[in-house]
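See below for query_0.csv, which holds CSV, N, CA and C atoms.
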chain,number,residue,atom,x,y,z
A,1,THR,N,61.9,-43.1,-56.1
A,1,THR,CA,61.3,-42.3,-57.3
A,1,THR,C,60.1,-41.6,-56.8
A,2,GLY,N,60.0,-40.3,-57.2
A,2,GLY,CA,58.9,-39.5,-56.9
A,2,GLY,C,57.8,-39.6,-57.9
A,3,THR,N,56.6,-39.4,-57.4
A,3,THR,CA,55.4,-39.4,-58.3
A,3,THR,C,55.2,-38.0,-58.8
A,4,ALA,N,55.1,-37.8,-60.1
A,4,ALA,CA,54.9,-36.5,-60.7
A,4,ALA,C,53.4,-36.1,-60.4
A,5,LEU,N,53.3,-34.9,-60.1
A,5,LEU,CA,51.9,-34.4,-59.9
A,5,LEU,C,51.3,-34.2,-61.2
A,6,PRO,N,50.0,-34.5,-61.3
A,6,PRO,CA,49.4,-34.3,-62.6
A,6,PRO,C,49.3,-32.8,-62.9
A,7,THR,N,49.5,-32.4,-64.2
A,7,THR,CA,49.4,-31.0,-64.5
A,7,THR,C,47.9,-30.6,-64.6
A,8,PRO,N,47.6,-29.4,-64.1
A,8,PRO,CA,46.2,-29.0,-64.2
A,8,PRO,C,45.8,-28.8,-65.6
A,9,PRO,N,44.5,-29.0,-66.0
A,9,PRO,CA,44.1,-28.8,-67.3
A,9,PRO,C,44.2,-27.3,-67.6
A,10,PRO,N,44.3,-26.9,-68.9
A,10,PRO,CA,44.4,-25.5,-69.3
A,10,PRO,C,43.0,-24.9,-69.0
A,11,PRO,N,43.0,-23.6,-68.7
A,11,PRO,CA,41.8,-22.9,-68.4
A,11,PRO,C,40.9,-23.0,-69.6
A,12,PRO,N,39.6,-23.1,-69.4
A,12,PRO,CA,38.7,-23.1,-70.6
A,12,PRO,C,38.6,-21.8,-71.3
A,13,GLY,N,38.1,-21.8,-72.5
A,13,GLY,CA,37.9,-20.5,-73.2
A,13,GLY,C,36.9,-19.6,-72.5
A,14,ASP,N,35.9,-20.2,-71.8
A,14,ASP,CA,35.0,-19.4,-71.0
A,14,ASP,C,35.3,-19.6,-69.6
A,15,LEU,N,35.9,-18.6,-68.9
A,15,LEU,CA,36.3,-18.7,-67.5
A,15,LEU,C,35.1,-18.8,-66.6
A,16,ALA,N,33.9,-18.5,-67.0
A,16,ALA,CA,32.7,-18.7,-66.2
A,16,ALA,C,32.5,-20.2,-65.9
A,17,ALA,N,33.1,-21.1,-66.7
A,17,ALA,CA,32.9,-22.5,-66.6
A,17,ALA,C,33.8,-23.1,-65.4
A,18,LEU,N,34.6,-22.2,-64.9
A,18,LEU,CA,35.5,-22.7,-63.7
A,18,LEU,C,34.6,-23.0,-62.5
A,19,ALA,N,35.1,-24.0,-61.7
A,19,ALA,CA,34.3,-24.3,-60.5
A,19,ALA,C,34.3,-23.2,-59.5
A,20,GLU,N,35.4,-22.5,-59.4
A,20,GLU,CA,35.6,-21.3,-58.5
A,20,GLU,C,36.0,-20.1,-59.3
A,21,LEU,N,35.3,-19.0,-59.3
A,21,LEU,CA,35.7,-17.9,-60.0
A,21,LEU,C,35.8,-16.7,-59.1
A,22,ASP,N,37.1,-16.4,-58.7
A,22,ASP,CA,37.4,-15.2,-57.9
A,22,ASP,C,38.5,-14.5,-58.6
A,23,GLU,N,38.9,-13.4,-58.0
A,23,GLU,CA,40.0,-12.6,-58.6
A,23,GLU,C,41.2,-13.4,-58.9
A,24,ALA,N,41.7,-14.2,-58.0
A,24,ALA,CA,42.9,-15.0,-58.2
A,24,ALA,C,42.8,-16.0,-59.3
A,25,THR,N,41.7,-16.7,-59.4
A,25,THR,CA,41.5,-17.7,-60.5
A,25,THR,C,41.3,-17.0,-61.8
A,26,LEU,N,40.6,-15.9,-61.8
A,26,LEU,CA,40.4,-15.2,-63.0
A,26,LEU,C,41.7,-14.7,-63.6
A,27,LEU,N,42.5,-14.1,-62.8
A,27,LEU,CA,43.8,-13.6,-63.2
A,27,LEU,C,44.8,-14.7,-63.7
A,28,ALA,N,44.7,-15.8,-62.9
A,28,ALA,CA,45.6,-17.0,-63.3
A,28,ALA,C,45.1,-17.6,-64.6
A,29,GLY,N,43.8,-17.6,-64.9
A,29,GLY,CA,43.3,-18.1,-66.1
A,29,GLY,C,43.7,-17.2,-67.3
A,30,LEU,N,43.5,-15.9,-67.1
A,30,LEU,CA,43.9,-15.0,-68.1
A,30,LEU,C,45.4,-15.1,-68.4
A,31,ARG,N,46.2,-15.2,-67.4
A,31,ARG,CA,47.7,-15.3,-67.5
A,31,ARG,C,48.0,-16.6,-68.3
A,32,GLU,N,47.4,-17.7,-67.9
A,32,GLU,CA,47.7,-18.9,-68.6
A,32,GLU,C,47.3,-18.9,-70.1
A,33,ARG,N,46.2,-18.3,-70.4
A,33,ARG,CA,45.8,-18.2,-71.8
A,33,ARG,C,46.6,-17.2,-72.5
A,34,PHE,N,47.1,-16.1,-71.9
A,34,PHE,CA,48.0,-15.2,-72.5
A,34,PHE,C,49.3,-15.9,-72.9
A,35,LEU,N,49.8,-16.7,-72.0
A,35,LEU,CA,51.1,-17.4,-72.2
A,35,LEU,C,51.0,-18.4,-73.4
A,36,GLN,N,49.8,-18.9,-73.6
A,36,GLN,CA,49.5,-19.8,-74.7
A,36,GLN,C,49.1,-19.0,-76.0
A,37,GLN,N,49.2,-17.7,-76.0
A,37,GLN,CA,48.9,-16.8,-77.1
A,37,GLN,C,47.4,-16.8,-77.4
A,38,HIS,N,46.5,-17.1,-76.4
A,38,HIS,CA,45.1,-17.0,-76.6
A,38,HIS,C,44.7,-15.6,-75.9
A,39,ILE,N,44.6,-14.6,-76.8
A,39,ILE,CA,44.4,-13.3,-76.2
A,39,ILE,C,42.9,-12.9,-76.0
A,40,TYR,N,42.0,-13.7,-76.5
A,40,TYR,CA,40.6,-13.5,-76.3
A,40,TYR,C,40.0,-14.6,-75.4
A,41,THR,N,39.4,-14.1,-74.4
A,41,THR,CA,38.8,-15.0,-73.4
A,41,THR,C,37.4,-14.6,-73.0
A,42,ASP,N,36.5,-15.5,-73.0
A,42,ASP,CA,35.1,-15.2,-72.6
A,42,ASP,C,35.0,-15.4,-71.1
A,43,ILE,N,34.2,-14.6,-70.5
A,43,ILE,CA,33.8,-14.8,-69.1
A,43,ILE,C,32.3,-14.6,-69.1
A,44,GLY,N,31.6,-15.7,-69.3
A,44,GLY,CA,30.1,-15.6,-69.5
A,44,GLY,C,29.9,-14.8,-70.8
A,45,ASP,N,29.1,-13.7,-70.8
A,45,ASP,CA,28.8,-13.0,-72.0
A,45,ASP,C,29.8,-11.8,-72.1
A,46,ILE,N,30.9,-11.8,-71.4
A,46,ILE,CA,31.9,-10.7,-71.5
A,46,ILE,C,33.1,-11.3,-72.3
A,47,LEU,N,33.6,-10.5,-73.2
A,47,LEU,CA,34.8,-10.9,-73.9
A,47,LEU,C,36.0,-10.0,-73.4
A,48,VAL,N,37.0,-10.7,-73.0
A,48,VAL,CA,38.2,-10.0,-72.5
A,48,VAL,C,39.3,-10.2,-73.5
A,49,ALA,N,39.9,-9.1,-73.9
A,49,ALA,CA,41.1,-9.1,-74.9
A,49,ALA,C,42.3,-8.6,-74.1
A,50,VAL,N,43.4,-9.4,-74.2
A,50,VAL,CA,44.6,-9.0,-73.5
A,50,VAL,C,45.6,-8.6,-74.6
A,51,ASN,N,46.3,-7.4,-74.4
A,51,ASN,CA,47.2,-7.0,-75.4
A,51,ASN,C,48.4,-7.9,-75.4
A,52,PRO,N,48.7,-8.6,-76.6
A,52,PRO,CA,49.8,-9.5,-76.6
A,52,PRO,C,51.2,-8.9,-76.7
A,53,PHE,N,51.3,-7.5,-77.0
A,53,PHE,CA,52.5,-6.8,-77.1
A,53,PHE,C,53.4,-7.4,-78.2
A,54,GLN,N,52.8,-8.1,-79.2
A,54,GLN,CA,53.6,-8.6,-80.3
A,54,GLN,C,52.5,-9.0,-81.4
A,55,PRO,N,53.0,-9.0,-82.6
A,55,PRO,CA,52.1,-9.5,-83.7
A,55,PRO,C,51.8,-11.0,-83.5
A,56,LEU,N,50.5,-11.3,-83.7
A,56,LEU,CA,50.1,-12.7,-83.6
A,56,LEU,C,49.5,-13.1,-85.0
A,57,PRO,N,49.7,-14.3,-85.4
A,57,PRO,CA,49.1,-14.8,-86.7
A,57,PRO,C,47.6,-15.1,-86.5
A,58,LEU,N,46.8,-14.2,-86.1
A,58,LEU,CA,45.4,-14.4,-85.8
A,58,LEU,C,44.6,-14.2,-87.1
A,59,TYR,N,45.0,-13.2,-87.9
A,59,TYR,CA,44.2,-12.8,-89.1
A,59,TYR,C,45.1,-12.9,-90.3
A,60,GLY,N,44.5,-13.3,-91.4
A,60,GLY,CA,45.3,-13.4,-92.7
A,60,GLY,C,45.5,-12.0,-93.3
A,61,LYS,N,46.3,-11.9,-94.3
A,61,LYS,CA,46.5,-10.6,-95.0
A,61,LYS,C,45.2,-10.0,-95.5
A,62,GLU,N,44.3,-10.9,-96.0
A,62,GLU,CA,43.1,-10.3,-96.6
A,62,GLU,C,42.3,-9.6,-95.5
A,63,VAL,N,42.4,-9.9,-94.2
A,63,VAL,CA,41.7,-9.2,-93.2
A,63,VAL,C,42.4,-8.0,-92.8
A,64,SER,N,43.7,-8.1,-92.6
A,64,SER,CA,44.5,-7.0,-92.1
A,64,SER,C,44.7,-5.9,-93.1
A,65,ALA,N,44.6,-6.2,-94.4
A,65,ALA,CA,44.8,-5.3,-95.5
A,65,ALA,C,43.6,-4.4,-95.7
A,66,VAL,N,42.4,-4.8,-95.2
A,66,VAL,CA,41.2,-4.0,-95.4
A,66,VAL,C,41.1,-3.0,-94.3
A,67,PRO,N,41.0,-1.7,-94.7
A,67,PRO,CA,40.9,-0.7,-93.7
A,67,PRO,C,39.6,-0.8,-92.9
A,68,PRO,N,39.6,-0.4,-91.7
A,68,PRO,CA,38.3,-0.6,-90.9
A,68,PRO,C,37.3,0.4,-91.4
A,69,ALA,N,36.0,0.1,-91.3
A,69,ALA,CA,35.0,1.0,-91.8
A,69,ALA,C,34.9,2.2,-90.8
A,70,ALA,N,34.6,3.3,-91.4
A,70,ALA,CA,34.4,4.5,-90.6
A,70,ALA,C,33.3,4.3,-89.6
A,71,PRO,N,33.5,4.7,-88.4
A,71,PRO,CA,32.4,4.6,-87.4
A,71,PRO,C,31.2,5.5,-87.7
A,72,ARG,N,30.1,4.9,-87.5
A,72,ARG,CA,28.9,5.7,-87.8
A,72,ARG,C,28.5,6.4,-86.5
A,73,CYS,N,28.5,7.7,-86.5
A,73,CYS,CA,28.1,8.4,-85.3
A,73,CYS,C,26.8,9.1,-85.5
A,74,PRO,N,25.9,9.1,-84.4
A,74,PRO,CA,24.7,9.8,-84.5
A,74,PRO,C,25.0,11.3,-84.6
A,75,PRO,N,24.1,12.1,-85.3
A,75,PRO,CA,24.4,13.5,-85.4
A,75,PRO,C,24.5,14.1,-84.0
A,76,ALA,N,25.4,15.1,-83.8
A,76,ALA,CA,25.6,15.7,-82.6
A,76,ALA,C,24.3,16.5,-82.2
A,77,ALA,N,24.0,16.7,-80.9
A,77,ALA,CA,22.9,17.4,-80.5
A,77,ALA,C,23.0,18.9,-80.8
A,78,HIS,N,24.2,19.4,-81.0
A,78,HIS,CA,24.3,20.8,-81.3
A,78,HIS,C,24.5,21.1,-82.8
A,79,ALA,N,24.3,20.0,-83.6
A,79,ALA,CA,24.4,20.2,-85.1
A,79,ALA,C,23.3,21.1,-85.6
A,80,SER,N,23.6,21.8,-86.6
A,80,SER,CA,22.5,22.7,-87.2
A,80,SER,C,21.5,21.8,-87.9
A,81,PRO,N,20.2,22.1,-87.8
A,81,PRO,CA,19.2,21.4,-88.5
A,81,PRO,C,19.3,21.8,-90.0
A,82,PRO,N,18.7,21.0,-90.9
A,82,PRO,CA,18.7,21.3,-92.3
A,82,PRO,C,17.9,22.6,-92.5
A,83,PRO,N,18.3,23.3,-93.6
A,83,PRO,CA,17.6,24.6,-93.9
A,83,PRO,C,16.1,24.3,-94.1
A,84,ILE,N,15.3,25.2,-93.7
A,84,ILE,CA,13.8,25.1,-93.9
A,84,ILE,C,13.5,25.8,-95.2
A,85,PRO,N,12.8,25.1,-96.1
A,85,PRO,CA,12.4,25.7,-97.4
A,85,PRO,C,11.5,26.9,-97.2
A,86,ARG,N,11.6,27.9,-97.9
A,86,ARG,CA,10.8,29.1,-97.8
A,86,ARG,C,9.9,29.3,-99.0
A,87,ARG,N,8.7,29.8,-98.8
A,87,ARG,CA,7.8,30.0,-99.9
A,87,ARG,C,8.2,31.3,-100.6
A,88,SER,N,8.0,31.3,-101.9
A,88,SER,CA,8.3,32.5,-102.6
A,88,SER,C,7.3,33.6,-102.3
A,89,PRO,N,7.7,34.8,-102.4
A,89,PRO,CA,6.8,35.9,-102.0
A,89,PRO,C,5.6,36.0,-102.9
A,90,SER,N,5.6,35.4,-104.1
A,90,SER,CA,4.5,35.5,-105.0
A,90,SER,C,3.4,34.6,-104.6
A,91,GLY,N,3.7,33.7,-103.6
A,91,GLY,CA,2.6,32.8,-103.2
A,91,GLY,C,2.4,31.6,-104.1
A,92,THR,N,3.3,31.3,-105.0
A,92,THR,CA,3.1,30.2,-105.9
A,92,THR,C,3.3,28.9,-105.3
A,93,GLY,N,4.0,28.9,-104.1
A,93,GLY,CA,4.3,27.7,-103.4
A,93,GLY,C,5.6,27.1,-103.8
A,94,ALA,N,6.3,27.7,-104.8
A,94,ALA,CA,7.6,27.3,-105.1
A,94,ALA,C,8.6,27.6,-104.0
A,95,SER,N,9.5,26.7,-103.7
A,95,SER,CA,10.4,27.0,-102.7
A,95,SER,C,11.8,27.4,-103.3
A,96,ARG,N,12.6,28.0,-102.6
A,96,ARG,CA,13.9,28.4,-103.0
A,96,ARG,C,14.9,28.0,-102.0
A,97,PRO,N,16.1,27.8,-102.5
A,97,PRO,CA,17.1,27.3,-101.5
A,97,PRO,C,17.6,28.4,-100.5

Hey, can you dump this file as structure tokens for me?
Amino acid sequence: TGTALPTPPPPPGDLAALAELDEATLLAGLRERFLQQHIYTDIGDILVAVNPFQPLPLYGKEVSAVPPAAPRCPPAAHASPPPIPRRSPSGTGASRP
């Protein structure tokens, strides 16, 4: 009878916790987590997301039904500045559009 080799523990959620972190162990950890349908993996303060190529039950309908908020972009450098109010010719100080 042969002795079964112990199965290695699954990779942690934070791959920076591995004893050895090189390209091979990083890719192996990501692959193993992908096969377990864990598409989000931390590596220290970096979050890696792997495309699962299939719908996963990660979010409920209440989350997926809400449209994403429009991104807030700073004004473009070439955007026109707001119009400058002009003084009336009479000198009363009233401005006109």

Report task. Would you mind reading off the distance between atom C of Glu62 in chain A and atom C of Gly29 in chain A, one decimal, in Å? Result ->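 Distance reported for this atom pair: 29.2 Å.
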
Requested in this report: Measure the distance from CA of Asp42 in chain A to CA of Ala16 in chain A in Å and round it to one decimal.
Outcome: 7.7 Å

Query raised in the report: In Å, how far is it from CA of Arg31 in chain A to CA of Tyr59 in chain A?
Result: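 That distance, rounded to one decimal, is 22.0 Å.
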
Query - Close residues, Ala49 in chain A itself excluded, 8 Å, all atoms listed in the file, min 5 positions apart in chain, as a list of chain:residue names - result: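 What passes the distance filter is A:His38, A:Ile39, A:Tyr40, A:Thr41, A:Asp42.
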
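Residues with any atom within 8 Å of range 32-34 of chain A, counting all atoms listed in the file and excluding same-chain neighbours fewer than 5 positions away, are Pro10, Pro11, Leu26, Leu27, Ile39, Tyr40, Thr41, Val50, Asn51 and Pro52 of chain A.
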
Please reconstruct the missing atoms of range 19-30 of chain A (target: all heavy atoms) and return them as a PDB file, in the frame of the given file.
ATOM      1  N   ALA A  19      35.100 -24.000 -61.700  1.00  0.00           N
ATOM      2  CA  ALA A  19      34.300 -24.300 -60.500  1.00  0.00           C
ATOM      3  C   ALA A  19      34.300 -23.200 -59.500  1.00  0.00           C
ATOM      4  O   ALA A  19      33.342 -22.932 -58.820  1.00  0.00           O
ATOM      5  CB  ALA A  19      34.899 -25.577 -59.886  1.00  0.00           C
ATOM      6  N   GLU A  20      35.400 -22.500 -59.400  1.00  0.00           N
ATOM      7  CA  GLU A  20      35.600 -21.300 -58.500  1.00  0.00           C
ATOM      8  C   GLU A  20      36.000 -20.100 -59.300  1.00  0.00           C
ATOM      9  O   GLU A  20      37.064 -20.209 -60.022  1.00  0.00           O
ATOM     10  CB  GLU A  20      36.556 -21.659 -57.420  1.00  0.00           C
ATOM     11  CG  GLU A  20      36.699 -20.567 -56.396  1.00  0.00           C
ATOM     12  CD  GLU A  20      37.654 -20.958 -55.276  1.00  0.00           C
ATOM     13  OE1 GLU A  20      37.832 -22.157 -55.021  1.00  0.00           O
ATOM     14  OE2 GLU A  20      38.215 -20.037 -54.667  1.00  0.00           O
ATOM     15  N   LEU A  21      35.300 -19.000 -59.300  1.00  0.00           N
ATOM     16  CA  LEU A  21      35.700 -17.900 -60.000  1.00  0.00           C
ATOM     17  C   LEU A  21      35.800 -16.700 -59.100  1.00  0.00           C
ATOM     18  O   LEU A  21      34.852 -16.096 -58.660  1.00  0.00           O
ATOM     19  CB  LEU A  21      34.672 -17.551 -61.133  1.00  0.00           C
ATOM     20  CG  LEU A  21      35.015 -16.388 -62.066  1.00  0.00           C
ATOM     21  CD1 LEU A  21      36.323 -16.650 -62.791  1.00  0.00           C
ATOM     22  CD2 LEU A  21      33.904 -16.151 -63.061  1.00  0.00           C
ATOM     23  N   ASP A  22      37.100 -16.400 -58.700  1.00  0.00           N
ATOM     24  CA  ASP A  22      37.400 -15.200 -57.900  1.00  0.00           C
ATOM     25  C   ASP A  22      38.500 -14.500 -58.600  1.00  0.00           C
ATOM     26  O   ASP A  22      38.945 -14.882 -59.669  1.00  0.00           O
ATOM     27  CB  ASP A  22      37.694 -15.627 -56.457  1.00  0.00           C
ATOM     28  CG  ASP A  22      38.874 -16.585 -56.357  1.00  0.00           C
ATOM     29  OD1 ASP A  22      39.609 -16.761 -57.352  1.00  0.00           O
ATOM     30  OD2 ASP A  22      39.071 -17.162 -55.274  1.00  0.00           O
ATOM     31  N   GLU A  23      38.900 -13.400 -58.000  1.00  0.00           N
ATOM     32  CA  GLU A  23      40.000 -12.600 -58.600  1.00  0.00           C
ATOM     33  C   GLU A  23      41.200 -13.400 -58.900  1.00  0.00           C
ATOM     34  O   GLU A  23      41.797 -13.298 -60.027  1.00  0.00           O
ATOM     35  CB  GLU A  23      40.305 -11.402 -57.753  1.00  0.00           C
ATOM     36  CG  GLU A  23      41.293 -10.453 -58.396  1.00  0.00           C
ATOM     37  CD  GLU A  23      41.574  -9.221 -57.548  1.00  0.00           C
ATOM     38  OE1 GLU A  23      41.002  -9.080 -56.464  1.00  0.00           O
ATOM     39  OE2 GLU A  23      42.393  -8.405 -58.000  1.00  0.00           O
ATOM     40  N   ALA A  24      41.700 -14.200 -58.000  1.00  0.00           N
ATOM     41  CA  ALA A  24      42.900 -15.000 -58.200  1.00  0.00           C
ATOM     42  C   ALA A  24      42.800 -16.000 -59.300  1.00  0.00           C
ATOM     43  O   ALA A  24      43.674 -16.079 -60.195  1.00  0.00           O
ATOM     44  CB  ALA A  24      43.298 -15.702 -56.902  1.00  0.00           C
ATOM     45  N   THR A  25      41.700 -16.700 -59.400  1.00  0.00           N
ATOM     46  CA  THR A  25      41.500 -17.700 -60.500  1.00  0.00           C
ATOM     47  C   THR A  25      41.300 -17.000 -61.800  1.00  0.00           C
ATOM     48  O   THR A  25      41.749 -17.537 -62.857  1.00  0.00           O
ATOM     49  CB  THR A  25      40.384 -18.726 -60.182  1.00  0.00           C
ATOM     50  OG1 THR A  25      39.178 -18.003 -59.979  1.00  0.00           O
ATOM     51  CG2 THR A  25      40.689 -19.588 -58.978  1.00  0.00           C
ATOM     52  N   LEU A  26      40.600 -15.900 -61.800  1.00  0.00           N
ATOM     53  CA  LEU A  26      40.400 -15.200 -63.000  1.00  0.00           C
ATOM     54  C   LEU A  26      41.700 -14.700 -63.600  1.00  0.00           C
ATOM     55  O   LEU A  26      42.007 -14.888 -64.777  1.00  0.00           O
ATOM     56  CB  LEU A  26      39.451 -13.980 -62.769  1.00  0.00           C
ATOM     57  CG  LEU A  26      39.228 -13.037 -63.936  1.00  0.00           C
ATOM     58  CD1 LEU A  26      38.371 -13.686 -64.993  1.00  0.00           C
ATOM     59  CD2 LEU A  26      38.611 -11.755 -63.462  1.00  0.00           C
ATOM     60  N   LEU A  27      42.500 -14.100 -62.800  1.00  0.00           N
ATOM     61  CA  LEU A  27      43.800 -13.600 -63.200  1.00  0.00           C
ATOM     62  C   LEU A  27      44.800 -14.700 -63.700  1.00  0.00           C
ATOM     63  O   LEU A  27      45.483 -14.601 -64.644  1.00  0.00           O
ATOM     64  CB  LEU A  27      44.497 -12.701 -62.171  1.00  0.00           C
ATOM     65  CG  LEU A  27      43.790 -11.372 -61.897  1.00  0.00           C
ATOM     66  CD1 LEU A  27      44.449 -10.646 -60.731  1.00  0.00           C
ATOM     67  CD2 LEU A  27      43.753 -10.510 -63.127  1.00  0.00           C
ATOM     68  N   ALA A  28      44.700 -15.800 -62.900  1.00  0.00           N
ATOM     69  CA  ALA A  28      45.600 -17.000 -63.300  1.00  0.00           C
ATOM     70  C   ALA A  28      45.100 -17.600 -64.600  1.00  0.00           C
ATOM     71  O   ALA A  28      45.936 -17.912 -65.455  1.00  0.00           O
ATOM     72  CB  ALA A  28      45.485 -18.032 -62.180  1.00  0.00           C
ATOM     73  N   GLY A  29      43.800 -17.600 -64.900  1.00  0.00           N
ATOM     74  CA  GLY A  29      43.300 -18.100 -66.100  1.00  0.00           C
ATOM     75  C   GLY A  29      43.700 -17.200 -67.300  1.00  0.00           C
ATOM     76  O   GLY A  29      44.069 -17.707 -68.350  1.00  0.00           O
ATOM     77  N   LEU A  30      43.500 -15.900 -67.100  1.00  0.00           N
ATOM     78  CA  LEU A  30      43.900 -15.000 -68.100  1.00  0.00           C
ATOM     79  C   LEU A  30      45.400 -15.100 -68.400  1.00  0.00           C
ATOM     80  O   LEU A  30      45.842 -15.027 -69.575  1.00  0.00           O
ATOM     81  CB  LEU A  30      43.545 -13.548 -67.730  1.00  0.00           C
ATOM     82  CG  LEU A  30      42.054 -13.213 -67.749  1.00  0.00           C
ATOM     83  CD1 LEU A  30      41.815 -11.837 -67.154  1.00  0.00           C
ATOM     84  CD2 LEU A  30      41.498 -13.298 -69.157  1.00  0.00           C
TER      85      LEU A  30
END
